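**Student:** Just one file: query-v1.cif, with mmCIF, C-alpha atoms.
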data_my_file
#
loop_
_atom_site.group_PDB
_atom_site.id
_atom_site.type_symbol
_atom_site.label_atom_id
_atom_site.label_comp_id
_atom_site.auth_asym_id
_atom_site.auth_seq_id
_atom_site.Cartn_x
_atom_site.Cartn_y
_atom_site.Cartn_z
ATOM 1 C CA MET A 18 -114.633 29.673 10.634
ATOM 2 C CA ASP A 19 -113.652 33.362 10.629
ATOM 3 C CA THR A 20 -115.922 36.045 12.060
ATOM 4 C CA ASP A 21 -117.054 37.530 8.726
ATOM 5 C CA LEU A 22 -117.939 34.128 7.281
ATOM 6 C CA ALA A 23 -119.836 33.124 10.415
ATOM 7 C CA ALA A 24 -121.754 36.405 10.255
ATOM 8 C CA ALA A 25 -122.624 35.796 6.606
ATOM 9 C CA TYR A 26 -123.998 32.354 7.444
ATOM 10 C CA GLY A 27 -125.932 33.934 10.306
ATOM 11 C CA ARG A 28 -127.493 36.481 7.953
ATOM 12 C CA CYS A 29 -128.554 33.699 5.584
ATOM 13 C CA ARG A 30 -130.072 31.768 8.471
ATOM 14 C CA ASP A 31 -132.009 34.851 9.598
ATOM 15 C CA LEU A 32 -133.411 35.382 6.091
ATOM 16 C CA HIS A 33 -134.442 31.742 5.956
ATOM 17 C CA LYS A 34 -136.077 31.810 9.375
ATOM 18 C CA ARG A 35 -137.961 35.027 8.611
ATOM 19 C CA HIS A 36 -139.198 34.242 5.105
ATOM 20 C CA GLY A 37 -139.202 30.455 4.670
ATOM 21 C CA ARG A 38 -141.056 29.061 7.662
ATOM 22 C CA THR A 39 -141.980 25.718 6.102
ATOM 23 C CA TYR A 40 -138.569 24.953 4.671
ATOM 24 C CA TYR A 41 -136.777 26.364 7.715
ATOM 25 C CA LEU A 42 -138.683 23.935 9.935
ATOM 26 C CA ALA A 43 -137.715 21.058 7.638
ATOM 27 C CA THR A 44 -134.081 22.164 7.687
ATOM 28 C CA ARG A 45 -134.024 21.787 11.464
ATOM 29 C CA LEU A 46 -134.140 18.023 10.857
ATOM 30 C CA LEU A 47 -130.808 18.020 9.016
ATOM 31 C CA PRO A 48 -127.482 17.316 10.709
ATOM 32 C CA ALA A 49 -126.198 20.592 12.151
ATOM 33 C CA TRP A 50 -123.217 20.801 9.784
ATOM 34 C CA LYS A 51 -125.479 20.732 6.726
ATOM 35 C CA ARG A 52 -127.950 23.369 7.902
ATOM 36 C CA ARG A 53 -125.757 26.401 7.364
ATOM 37 C CA HIS A 54 -125.161 25.416 3.747
ATOM 38 C CA VAL A 55 -128.889 25.101 3.088
ATOM 39 C CA HIS A 56 -129.376 28.482 4.771
ATOM 40 C CA ALA A 57 -126.710 29.925 2.461
ATOM 41 C CA LEU A 58 -128.506 28.770 -0.681
ATOM 42 C CA TYR A 59 -131.830 30.016 0.635
ATOM 43 C CA GLY A 60 -130.247 33.343 1.548
ATOM 44 C CA PHE A 61 -128.803 33.699 -1.944
ATOM 45 C CA THR A 62 -132.107 33.034 -3.667
ATOM 46 C CA ARG A 63 -134.130 35.115 -1.222
ATOM 47 C CA TYR A 64 -131.857 38.141 -1.399
ATOM 48 C CA ALA A 65 -131.984 38.167 -5.200
ATOM 49 C CA ASP A 66 -135.758 37.826 -5.032
ATOM 50 C CA GLU A 67 -135.958 40.763 -2.638
ATOM 51 C CA ILE A 68 -133.958 42.952 -5.018
ATOM 52 C CA VAL A 69 -136.600 42.190 -7.637
ATOM 53 C CA ASP A 70 -139.754 42.218 -5.515
ATOM 54 C CA ARG A 71 -139.041 44.519 -2.550
ATOM 55 C CA THR A 72 -137.856 47.526 -4.533
ATOM 56 C CA GLU A 73 -141.047 48.134 -6.503
ATOM 57 C CA GLU A 74 -141.033 51.841 -5.716
ATOM 58 C CA LEU A 75 -137.879 52.234 -7.803
ATOM 59 C CA PRO A 76 -137.822 52.703 -11.595
ATOM 60 C CA PRO A 77 -137.295 49.427 -13.500
ATOM 61 C CA ALA A 78 -133.880 50.566 -14.735
ATOM 62 C CA GLU A 79 -132.649 51.125 -11.179
ATOM 63 C CA ARG A 80 -133.988 47.776 -9.998
ATOM 64 C CA SER A 81 -132.231 46.111 -12.919
ATOM 65 C CA ALA A 82 -129.015 47.966 -12.089
ATOM 66 C CA ARG A 83 -129.164 46.762 -8.473
ATOM 67 C CA LEU A 84 -129.607 43.157 -9.554
ATOM 68 C CA ASP A 85 -126.806 43.511 -12.120
ATOM 69 C CA ASP A 86 -124.485 44.997 -9.507
ATOM 70 C CA TRP A 87 -125.159 42.241 -6.978
ATOM 71 C CA SER A 88 -124.832 39.566 -9.664
ATOM 72 C CA ALA A 89 -121.523 41.053 -10.807
ATOM 73 C CA ARG A 90 -120.157 40.987 -7.248
ATOM 74 C CA PHE A 91 -121.243 37.380 -6.889
ATOM 75 C CA LEU A 92 -119.623 36.367 -10.189
ATOM 76 C CA ALA A 93 -116.456 38.245 -9.252
ATOM 77 C CA GLY A 94 -116.399 36.320 -5.977
ATOM 78 C CA LEU A 95 -116.710 33.056 -7.888
ATOM 79 C CA ASN A 96 -113.585 34.075 -9.779
ATOM 80 C CA GLY A 97 -111.628 34.701 -6.605
ATOM 81 C CA ALA A 98 -112.183 38.410 -6.005
ATOM 82 C CA SER A 99 -112.658 39.698 -2.488
ATOM 83 C CA VAL A 100 -116.369 40.411 -1.943
ATOM 84 C CA GLY A 101 -117.549 43.103 0.431
ATOM 85 C CA ASP A 102 -121.041 41.795 1.034
ATOM 86 C CA PRO A 103 -122.754 40.673 4.252
ATOM 87 C CA LEU A 104 -124.252 37.550 2.670
ATOM 88 C CA LEU A 105 -122.218 36.394 -0.325
ATOM 89 C CA PRO A 106 -119.184 34.992 1.553
ATOM 90 C CA ALA A 107 -121.406 32.205 2.923
ATOM 91 C CA VAL A 108 -122.772 31.422 -0.530
ATOM 92 C CA LEU A 109 -119.314 31.364 -2.098
ATOM 93 C CA HIS A 110 -117.999 29.163 0.714
ATOM 94 C CA THR A 111 -120.857 26.671 0.244
ATOM 95 C CA ILE A 112 -120.264 26.562 -3.527
ATOM 96 C CA ALA A 113 -116.589 25.837 -2.921
ATOM 97 C CA VAL A 114 -117.183 23.185 -0.233
ATOM 98 C CA PHE A 115 -119.553 21.168 -2.434
ATOM 99 C CA ASP A 116 -118.160 22.155 -5.836
ATOM 100 C CA LEU A 117 -121.635 23.243 -6.917
ATOM 101 C CA ASP A 118 -122.335 23.763 -10.609
ATOM 102 C CA ARG A 119 -121.818 27.450 -11.354
ATOM 103 C CA SER A 120 -124.146 27.298 -14.349
ATOM 104 C CA ASP A 121 -127.056 26.673 -11.961
ATOM 105 C CA PHE A 122 -126.422 30.043 -10.343
ATOM 106 C CA ALA A 123 -126.153 31.822 -13.691
ATOM 107 C CA SER A 124 -129.460 30.232 -14.702
ATOM 108 C CA PHE A 125 -131.065 31.381 -11.473
ATOM 109 C CA LEU A 126 -129.919 34.978 -11.938
ATOM 110 C CA ARG A 127 -131.236 34.939 -15.495
ATOM 111 C CA SER A 128 -134.705 34.024 -14.236
ATOM 112 C CA MET A 129 -134.576 36.733 -11.584
ATOM 113 C CA ALA A 130 -133.788 39.259 -14.311
ATOM 114 C CA MET A 131 -136.824 38.009 -16.241
ATOM 115 C CA ASP A 132 -139.050 39.041 -13.344
ATOM 116 C CA LEU A 133 -138.095 42.659 -14.008
ATOM 117 C CA THR A 134 -139.537 42.641 -17.521
ATOM 118 C CA VAL A 135 -141.774 39.592 -18.026
ATOM 119 C CA THR A 136 -145.284 39.871 -16.569
ATOM 120 C CA ALA A 137 -147.012 36.862 -18.154
ATOM 121 C CA TYR A 138 -146.241 33.549 -19.842
ATOM 122 C CA PRO A 139 -148.143 32.538 -23.000
ATOM 123 C CA THR A 140 -147.656 28.770 -22.583
ATOM 124 C CA TYR A 141 -146.605 26.278 -19.957
ATOM 125 C CA ASP A 142 -143.405 25.682 -21.907
ATOM 126 C CA ASP A 143 -142.621 29.380 -21.525
ATOM 127 C CA LEU A 144 -143.244 29.149 -17.793
ATOM 128 C CA LEU A 145 -141.059 26.040 -17.577
ATOM 129 C CA ASP A 146 -138.235 27.990 -19.238
ATOM 130 C CA TYR A 147 -138.475 30.551 -16.436
ATOM 131 C CA MET A 148 -138.784 27.875 -13.750
ATOM 132 C CA GLU A 149 -135.730 26.050 -15.047
ATOM 133 C CA GLY A 150 -133.693 28.818 -13.476
ATOM 134 C CA SER A 151 -135.967 29.875 -10.643
ATOM 135 C CA ALA A 152 -136.839 26.404 -9.328
ATOM 136 C CA ALA A 153 -135.369 23.336 -11.056
ATOM 137 C CA VAL A 154 -131.773 24.423 -10.472
ATOM 138 C CA ILE A 155 -132.507 24.913 -6.774
ATOM 139 C CA GLY A 156 -133.036 21.176 -6.621
ATOM 140 C CA THR A 157 -129.715 20.438 -8.296
ATOM 141 C CA MET A 158 -127.932 22.989 -6.083
ATOM 142 C CA MET A 159 -129.321 21.274 -3.000
ATOM 143 C CA LEU A 160 -128.577 17.699 -4.027
ATOM 144 C CA PRO A 161 -124.832 17.651 -3.230
ATOM 145 C CA ILE A 162 -125.541 19.142 0.198
ATOM 146 C CA LEU A 163 -128.270 16.647 1.023
ATOM 147 C CA GLY A 164 -126.213 13.784 -0.386
ATOM 148 C CA SER A 165 -127.514 10.801 -2.299
ATOM 149 C CA THR A 166 -126.890 7.098 -2.664
ATOM 150 C CA ASP A 167 -127.342 7.548 -6.435
ATOM 151 C CA PRO A 168 -126.785 11.188 -7.487
ATOM 152 C CA ALA A 169 -127.457 10.521 -11.176
ATOM 153 C CA ALA A 170 -130.837 8.933 -10.466
ATOM 154 C CA ALA A 171 -131.721 11.588 -7.869
ATOM 155 C CA ARG A 172 -131.021 14.559 -10.155
ATOM 156 C CA GLU A 173 -134.291 14.632 -12.108
ATOM 157 C CA PRO A 174 -136.505 14.065 -9.037
ATOM 158 C CA ALA A 175 -134.634 16.944 -7.357
ATOM 159 C CA ARG A 176 -135.421 19.192 -10.341
ATOM 160 C CA GLN A 177 -139.046 18.082 -10.268
ATOM 161 C CA LEU A 178 -139.344 18.870 -6.568
ATOM 162 C CA GLY A 179 -138.096 22.386 -7.216
ATOM 163 C CA LEU A 180 -140.771 22.781 -9.898
ATOM 164 C CA ALA A 181 -143.440 21.320 -7.603
ATOM 165 C CA PHE A 182 -142.589 23.709 -4.774
ATOM 166 C CA GLN A 183 -142.617 26.743 -7.043
ATOM 167 C CA LEU A 184 -145.891 25.845 -8.728
ATOM 168 C CA THR A 185 -147.378 25.435 -5.258
ATOM 169 C CA ASN A 186 -146.257 28.962 -4.426
ATOM 170 C CA PHE A 187 -147.653 30.315 -7.698
ATOM 171 C CA ILE A 188 -151.052 28.727 -6.991
ATOM 172 C CA ARG A 189 -151.178 29.997 -3.412
ATOM 173 C CA ASP A 190 -149.916 33.498 -4.274
ATOM 174 C CA VAL A 191 -152.011 34.420 -7.319
ATOM 175 C CA ALA A 192 -153.358 37.561 -5.627
ATOM 176 C CA GLU A 193 -149.922 38.606 -4.328
ATOM 177 C CA ASP A 194 -148.373 38.231 -7.776
ATOM 178 C CA LEU A 195 -151.232 40.172 -9.390
ATOM 179 C CA ALA A 196 -150.469 43.028 -7.006
ATOM 180 C CA ARG A 197 -146.986 43.083 -8.543
ATOM 181 C CA GLY A 198 -148.455 43.105 -12.037
ATOM 182 C CA ARG A 199 -147.536 39.494 -12.796
ATOM 183 C CA THR A 200 -149.322 36.240 -13.483
ATOM 184 C CA TYR A 201 -147.617 32.870 -13.398
ATOM 185 C CA LEU A 202 -150.713 31.051 -14.665
ATOM 186 C CA PRO A 203 -150.043 30.524 -18.386
ATOM 187 C CA ASP A 204 -152.235 32.454 -20.808
ATOM 188 C CA GLU A 205 -153.156 29.215 -22.567
ATOM 189 C CA ASP A 206 -154.539 27.875 -19.287
ATOM 190 C CA LEU A 207 -156.598 31.001 -18.706
ATOM 191 C CA ALA A 208 -158.039 30.653 -22.201
ATOM 192 C CA LYS A 209 -158.780 26.963 -21.619
ATOM 193 C CA PHE A 210 -161.140 27.925 -18.789
ATOM 194 C CA ASP A 211 -162.395 31.164 -20.357
ATOM 195 C CA VAL A 212 -160.686 33.286 -17.690
ATOM 196 C CA THR A 213 -159.134 36.664 -18.485
ATOM 197 C CA ARG A 214 -156.481 38.535 -16.549
ATOM 198 C CA GLU A 215 -159.184 41.112 -15.804
ATOM 199 C CA ASP A 216 -161.245 38.337 -14.189
ATOM 200 C CA LEU A 217 -158.319 37.546 -11.909
ATOM 201 C CA TYR A 218 -157.888 41.193 -10.932
ATOM 202 C CA ALA A 219 -161.618 41.466 -10.220
ATOM 203 C CA ALA A 220 -161.539 38.349 -8.021
ATOM 204 C CA ALA A 221 -158.534 39.726 -6.141
ATOM 205 C CA ALA A 222 -160.284 43.070 -5.631
ATOM 206 C CA ARG A 223 -163.451 41.523 -4.185
ATOM 207 C CA ARG A 224 -161.480 38.735 -2.447
ATOM 208 C CA ARG A 225 -163.804 36.121 -3.842
ATOM 209 C CA THR A 226 -163.336 33.692 -6.691
ATOM 210 C CA SER A 227 -165.644 32.554 -9.497
ATOM 211 C CA PRO A 228 -166.609 29.079 -10.789
ATOM 212 C CA LYS A 229 -164.346 29.419 -13.831
ATOM 213 C CA ILE A 230 -161.367 30.476 -11.731
ATOM 214 C CA ARG A 231 -161.997 27.557 -9.361
ATOM 215 C CA GLU A 232 -161.744 25.189 -12.321
ATOM 216 C CA LEU A 233 -158.532 26.904 -13.456
ATOM 217 C CA ILE A 234 -156.935 26.598 -10.009
ATOM 218 C CA GLU A 235 -158.008 22.970 -9.704
ATOM 219 C CA TYR A 236 -156.294 22.297 -13.035
ATOM 220 C CA GLU A 237 -153.087 23.981 -11.825
ATOM 221 C CA VAL A 238 -153.184 21.943 -8.614
ATOM 222 C CA THR A 239 -153.367 18.772 -10.703
ATOM 223 C CA ARG A 240 -150.395 19.955 -12.763
ATOM 224 C CA ALA A 241 -148.363 20.631 -9.612
ATOM 225 C CA GLN A 242 -149.343 17.214 -8.291
ATOM 226 C CA ALA A 243 -147.768 15.633 -11.368
ATOM 227 C CA HIS A 244 -144.437 17.252 -10.463
ATOM 228 C CA TYR A 245 -144.716 15.957 -6.891
ATOM 229 C CA GLU A 246 -145.334 12.490 -8.310
ATOM 230 C CA ALA A 247 -142.228 12.755 -10.481
ATOM 231 C CA ALA A 248 -140.217 13.986 -7.486
ATOM 232 C CA ALA A 249 -141.363 11.334 -5.011
ATOM 233 C CA PRO A 250 -138.735 8.644 -5.831
ATOM 234 C CA GLY A 251 -135.957 11.120 -5.125
ATOM 235 C CA VAL A 252 -136.643 11.372 -1.395
ATOM 236 C CA THR A 253 -135.628 7.771 -0.751
ATOM 237 C CA LEU A 254 -132.507 8.235 -2.894
ATOM 238 C CA LEU A 255 -131.179 10.878 -0.497
ATOM 239 C CA SER A 256 -128.671 10.132 2.228
ATOM 240 C CA PRO A 257 -130.581 8.675 5.195
ATOM 241 C CA ALA A 258 -129.684 11.671 7.384
ATOM 242 C CA SER A 259 -131.363 14.040 4.897
ATOM 243 C CA GLN A 260 -134.572 12.128 4.290
ATOM 244 C CA ALA A 261 -136.529 13.433 7.298
ATOM 245 C CA CYS A 262 -135.850 17.012 6.187
ATOM 246 C CA MET A 263 -137.018 16.555 2.628
ATOM 247 C CA ARG A 264 -139.897 14.302 3.640
ATOM 248 C CA THR A 265 -141.130 17.134 5.860
ATOM 249 C CA ALA A 266 -140.717 19.750 3.130
ATOM 250 C CA TYR A 267 -142.414 17.479 0.582
ATOM 251 C CA VAL A 268 -145.424 16.799 2.792
ATOM 252 C CA LEU A 269 -145.829 20.392 3.999
ATOM 253 C CA TYR A 270 -145.560 22.029 0.590
ATOM 254 C CA GLY A 271 -147.921 19.403 -0.770
ATOM 255 C CA GLY A 272 -150.154 20.219 2.187
ATOM 256 C CA ILE A 273 -150.589 23.726 0.805
ATOM 257 C CA LEU A 274 -152.285 22.147 -2.210
ATOM 258 C CA ASP A 275 -154.509 20.199 0.194
ATOM 259 C CA GLU A 276 -155.451 23.486 1.877
ATOM 260 C CA VAL A 277 -156.248 25.060 -1.505
ATOM 261 C CA ALA A 278 -158.514 22.108 -2.297
ATOM 262 C CA ALA A 279 -160.144 22.358 1.147
ATOM 263 C CA GLN A 280 -160.947 26.011 0.340
ATOM 264 C CA ASP A 281 -162.723 24.782 -2.807
ATOM 265 C CA TYR A 282 -159.868 26.186 -4.912
ATOM 266 C CA ASP A 283 -160.534 29.754 -3.773
ATOM 267 C CA VAL A 284 -157.116 31.426 -3.472
ATOM 268 C CA PHE A 285 -158.537 34.928 -3.040
ATOM 269 C CA THR A 286 -160.612 34.802 0.155
ATOM 270 C CA ARG A 287 -157.619 33.797 2.274
ATOM 271 C CA ARG A 288 -154.065 32.596 1.790
ATOM 272 C CA ALA A 289 -153.773 28.826 2.023
ATOM 273 C CA LEU A 290 -151.568 27.903 4.978
ATOM 274 C CA VAL A 291 -150.759 24.644 6.709
ATOM 275 C CA PRO A 292 -151.644 25.104 10.412
ATOM 276 C CA ARG A 293 -148.713 25.208 12.819
ATOM 277 C CA ARG A 294 -149.967 22.157 14.732
ATOM 278 C CA ARG A 295 -149.941 20.127 11.516
ATOM 279 C CA ARG A 296 -146.478 21.412 10.570
ATOM 280 C CA MET A 297 -145.052 20.257 13.889
ATOM 281 C CA ALA A 298 -146.836 16.902 13.661
ATOM 282 C CA VAL A 299 -145.480 16.278 10.162
ATOM 283 C CA ALA A 300 -141.939 17.068 11.308
ATOM 284 C CA GLY A 301 -142.325 14.747 14.283
ATOM 285 C CA ARG A 302 -143.576 11.875 12.132
ATOM 286 C CA ALA A 303 -140.763 12.422 9.627
ATOM 287 C CA MET A 304 -138.184 12.001 12.392
ATOM 288 C CA LEU A 305 -139.726 8.642 13.293
ATOM 289 C CA THR A 306 -140.169 7.372 9.722
ATOM 290 C CA PRO A 307 -137.519 4.842 8.695
ATOM 291 C CA ALA A 308 -135.221 5.930 5.871
ATOM 292 C CA GLY A 309 -136.305 4.441 2.575
ATOM 293 C CA THR A 310 -140.038 4.768 3.252
ATOM 294 C CA PRO A 311 -141.768 6.177 0.153
ATOM 295 C CA VAL A 312 -143.537 9.536 0.393
ATOM 296 C CA VAL A 313 -147.225 9.897 -0.432
ATOM 297 C CA VAL A 314 -148.040 12.152 -3.393
ATOM 298 C CA PRO A 315 -150.305 15.036 -2.277
ATOM 299 C CA GLY A 316 -153.855 15.233 -3.554
ATOM 300 C CA PRO A 317 -156.988 13.127 -3.626
ATOM 301 C CA GLY A 318 -155.695 10.558 -6.112
ATOM 302 C CA PRO A 319 -153.099 9.740 -8.758
ATOM 303 C CA ALA A 320 -151.694 12.753 -10.537
ATOM 304 C CA VAL A 321 -152.846 13.286 -14.102
ATOM 305 C CA GLY A 322 -150.965 16.040 -15.773
ATOM 306 C CA ARG A 323 -147.772 16.971 -17.372
ATOM 307 C CA ALA A 324 -144.474 16.762 -15.493
#
For this file, produce the structure as structure tokens.
**Tutor:**
Amino acid sequence: MDTDLAAAYGRCRDLHKRHGRTYYLATRLLPAWKRRHVHALYGFTRYADEIVDRTEELPPAERSARLDDWSARFLAGLNGASVGDPLLPAVLHTIAVFDLDRSDFASFLRSMAMDLTVTAYPTYDDLLDYMEGSAAVIGTMMLPILGSTDPAAAREPARQLGLAFQLTNFIRDVAEDLARGRTYLPDEDLAKFDVTREDLYAAAARRRTSPKIRELIEYEVTRAQAHYEAAAPGVTLLSPASQACMRTAYVLYGGILDEVAAQDYDVFTRRALVPRRRRMAVAGRAMLTPAGTPVVVPGPGPAVGRA
């Protein structure tokens, strides 16, 4: 591997280690040769997200121009152009090695562009349209790297796991997203529980929830649980060497929902986090769990919701 490519993979790994603690820990359980490719995909998605979310002091037009410019360089690289970027060579190399579906990346960039202009989603179907690019395609990007005994059967569970992970983040990060002027809780859900966006802002300001918001968050947790349930069969369809990694990620992201429930569905007083001791214990158990062992769906009981 040449020096520039190795450096690009190193940059992706550093982004992953700094910003994706849960998934980075899980990735440590993969065979060494697979890790850099997972880091590359994480680096790609994280860097695009940072263009959108870490440049808030800039006018929207300039933020959009930065994302367009980076996307154009990436697409040019896909078409064989030389790319002068510290991160993209690793991404392009990973795409080439595994012949990843280019349409997944176009879909992802489309959803990132939506974050520059869309601040709310009227219905869950509208949110799913956004998450198709921001989450579901991450699952299908990852699948060839992880490997599967039955790729066709594993595809939909992989998509569902991407949706489950992102919904978990949306539930945990309601206050953080409000600070950016966005809500990823569908308007129809707010109305169902008689919650307004102003109620959410007020709860974030006082760092304390309300009974109606608790009911709303509990409902969203149940919805996320349904996606975990739909994703569960996919873990045992992965190559045996990849199962400990995804078992760990599955349990730890699902554990965030457990923490939300333990806080009585209050996502404003403190950010729900899985304690480090538990993270390490989960990873240790995953290493000792025989391949093919089913995962346990997070939550207090069977999921009842839409997947």
**Student:** For a test of reading the model, state the distance in Å between CA of Phe210 in chain A and CA of Asp194 in chain A, rounded to one decimal.
**Tutor:**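 Computing the Euclidean distance for CA of Phe210 in chain A and CA of Asp194 in chain A yields 19.8 Å.
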**Student:** Written as a PyMOL selection string, which residues does the PyMOL selection byres ((chain A and resi 234) around 12) give for the file shown?
**Tutor:** chain A and resi 184-185+187-191+201-203+206-207+209-210+212+217+226-233+235-241+274+277-278+280-285
**Student:** Export C-alpha atoms of the chosen residues as a JSON list (two decimals), keeping the file's coordinate frame?
**Tutor:**
[["chain", "number", "residue", "atom", "x", "y", "z"],
["A", 184, "LEU", "CA", -145.89, 25.84, -8.73],
["A", 185, "THR", "CA", -147.38, 25.44, -5.26],
["A", 187, "PHE", "CA", -147.65, 30.32, -7.70],
["A", 188, "ILE", "CA", -151.05, 28.73, -6.99],
["A", 189, "ARG", "CA", -151.18, 30.00, -3.41],
["A", 190, "ASP", "CA", -149.92, 33.50, -4.27],
["A", 191, "VAL", "CA", -152.01, 34.42, -7.32],
["A", 201, "TYR", "CA", -147.62, 32.87, -13.40],
["A", 202, "LEU", "CA", -150.71, 31.05, -14.66],
["A", 203, "PRO", "CA", -150.04, 30.52, -18.39],
["A", 206, "ASP", "CA", -154.54, 27.88, -19.29],
["A", 207, "LEU", "CA", -156.60, 31.00, -18.71],
["A", 209, "LYS", "CA", -158.78, 26.96, -21.62],
["A", 210, "PHE", "CA", -161.14, 27.92, -18.79],
["A", 212, "VAL", "CA", -160.69, 33.29, -17.69],
["A", 217, "LEU", "CA", -158.32, 37.55, -11.91],
["A", 226, "THR", "CA", -163.34, 33.69, -6.69],
["A", 227, "SER", "CA", -165.64, 32.55, -9.50],
["A", 228, "PRO", "CA", -166.61, 29.08, -10.79],
["A", 229, "LYS", "CA", -164.35, 29.42, -13.83],
["A", 230, "ILE", "CA", -161.37, 30.48, -11.73],
["A", 231, "ARG", "CA", -162.00, 27.56, -9.36],
["A", 232, "GLU", "CA", -161.74, 25.19, -12.32],
["A", 233, "LEU", "CA", -158.53, 26.90, -13.46],
["A", 235, "GLU", "CA", -158.01, 22.97, -9.70],
["A", 236, "TYR", "CA", -156.29, 22.30, -13.04],
["A", 237, "GLU", "CA", -153.09, 23.98, -11.82],
["A", 238, "VAL", "CA", -153.18, 21.94, -8.61],
["A", 239, "THR", "CA", -153.37, 18.77, -10.70],
["A", 240, "ARG", "CA", -150.40, 19.95, -12.76],
["A", 241, "ALA", "CA", -148.36, 20.63, -9.61],
["A", 274, "LEU", "CA", -152.28, 22.15, -2.21],
["A", 277, "VAL", "CA", -156.25, 25.06, -1.50],
["A", 278, "ALA", "CA", -158.51, 22.11, -2.30],
["A", 280, "GLN", "CA", -160.95, 26.01, 0.34],
["A", 281, "ASP", "CA", -162.72, 24.78, -2.81],
["A", 282, "TYR", "CA", -159.87, 26.19, -4.91],
["A", 283, "ASP", "CA", -160.53, 29.75, -3.77],
["A", 284, "VAL", "CA", -157.12, 31.43, -3.47],
["A", 285, "PHE", "CA", -158.54, 34.93, -3.04]]
**Student:** Quick one: which residues end up in the PyMOL selection byres ((chain A and resi 221) around 10) for this structure, as a VMD selection string?
**Tutor:** chain A and resid 191 to 193 195 to 196 215 to 220 222 to 226 284 to 286
**Student:** Using the chain letters and numbers from this file, what does the PyMOL selection byres ((chain A and resi 97-109) around 8) select? Give the answer as a PDB file with C-alpha atoms, keeping the file's coordinate frame.
**Tutor:**
ATOM      1  CA  ASP A  21    -117.054  37.530   8.726  1.00  0.00           C
ATOM      2  CA  LEU A  22    -117.939  34.128   7.281  1.00  0.00           C
ATOM      3  CA  ALA A  23    -119.836  33.124  10.415  1.00  0.00           C
ATOM      4  CA  ALA A  24    -121.754  36.405  10.255  1.00  0.00           C
ATOM      5  CA  ALA A  25    -122.624  35.796   6.606  1.00  0.00           C
ATOM      6  CA  TYR A  26    -123.998  32.354   7.444  1.00  0.00           C
ATOM      7  CA  ARG A  28    -127.493  36.481   7.953  1.00  0.00           C
ATOM      8  CA  CYS A  29    -128.554  33.699   5.584  1.00  0.00           C
ATOM      9  CA  HIS A  54    -125.161  25.416   3.747  1.00  0.00           C
ATOM     10  CA  ALA A  57    -126.710  29.925   2.461  1.00  0.00           C
ATOM     11  CA  LEU A  58    -128.506  28.770  -0.681  1.00  0.00           C
ATOM     12  CA  GLY A  60    -130.247  33.343   1.548  1.00  0.00           C
ATOM     13  CA  PHE A  61    -128.803  33.699  -1.944  1.00  0.00           C
ATOM     14  CA  ARG A  90    -120.157  40.987  -7.248  1.00  0.00           C
ATOM     15  CA  PHE A  91    -121.243  37.380  -6.889  1.00  0.00           C
ATOM     16  CA  ALA A  93    -116.456  38.245  -9.252  1.00  0.00           C
ATOM     17  CA  GLY A  94    -116.399  36.320  -5.977  1.00  0.00           C
ATOM     18  CA  LEU A  95    -116.710  33.056  -7.888  1.00  0.00           C
ATOM     19  CA  ASN A  96    -113.585  34.075  -9.779  1.00  0.00           C
ATOM     20  CA  HIS A 110    -117.999  29.163   0.714  1.00  0.00           C
ATOM     21  CA  THR A 111    -120.857  26.671   0.244  1.00  0.00           C
ATOM     22  CA  ILE A 112    -120.264  26.562  -3.527  1.00  0.00           C
ATOM     23  CA  ALA A 113    -116.589  25.837  -2.921  1.00  0.00           C
TER      24      ALA A 113
END
**Student:** Of the residues A:Asp132, A:Glu67, A:Asp86, A:Glu173, which is the one nearest to Val154 in chain A, using all atoms listed in the file?
**Tutor:** A:Glu173
**Student:** What separation in Å, quoted to one decimal, exists between CA of Thr62 in chain A and CA of Glu246 in chain A?
**Tutor:** 24.9 Å
**Student:** Give the centre and edge lengths of an axis-aligned box, in Å to one decimal, that holds all listed atoms of range 118-137 of chain A with 5 Å on each side, as lines of an AutoDock Vina configuration file.
**Tutor:**
center_x = -134.4
center_y = 33.2
center_z = -14.2
size_x = 35.2
size_y = 28.9
size_z = 17.8
**Student:** Could you work out how far CA of Ser120 in chain A lies from CA of Tyr245 in chain A, giving the answer in Å with one decimal?
**Tutor:** 24.6 Å
**Student:** Find the residues around Asp70 in chain A up to 9 Å (only C-alpha atoms counted), leave out those fewer than 4 positions away in its own chain, and share them as a list of chain:residue names.
**Tutor:**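 Skipping anything fewer than 4 positions along the chain leaves A:Ala65, A:Asp66, A:Asp132, A:Leu133, A:Arg197.
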**Student:** Quick one: write out the picked residues with C-alpha atoms as an mmCIF file, in the coordinates of the input?
**Tutor:**
data_model
loop_
_atom_site.group_PDB
_atom_site.id
_atom_site.type_symbol
_atom_site.label_atom_id
_atom_site.label_comp_id
_atom_site.auth_asym_id
_atom_site.auth_seq_id
_atom_site.Cartn_x
_atom_site.Cartn_y
_atom_site.Cartn_z
ATOM 1 C CA ALA A 65 -131.984 38.167 -5.200
ATOM 2 C CA ASP A 66 -135.758 37.826 -5.032
ATOM 3 C CA ASP A 132 -139.050 39.041 -13.344
ATOM 4 C CA LEU A 133 -138.095 42.659 -14.008
ATOM 5 C CA ARG A 197 -146.986 43.083 -8.543
#
**Student:** Using only C-alpha atoms, pick whichever of A:Arg80, A:His244, A:Arg38, A:Arg176 has the shortest atom-to-atom distance to Asp121 in chain A.
**Tutor:** A:Arg176
**Student:** Between A:Ser151, A:Thr140, A:Ser128, A:Thr265, which is the closest to Leu47 in chain A once you count all atoms listed in the file?
**Tutor:**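 Selected residue with least distance to Leu47 in chain A: A:Thr265.
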**Student:** Show me a table, sorted first by chain and then by increasing residue number, of the residues of range 236-267 of chain A having an atom at most 10 Å from range 155-161 of chain A, each with its shortest atom pair and the distance in Å to one decimal, counting only C-alpha atoms and written as a Markdown table.
**Tutor:**
| residue | atom | partner | partner_atom | distance |
| --- | --- | --- | --- | --- |
| A:Gly251 | CA | A:Leu160 | CA | 9.9 |
| A:Leu255 | CA | A:Leu160 | CA | 8.1 |
| A:Ser256 | CA | A:Leu160 | CA | 9.8 |
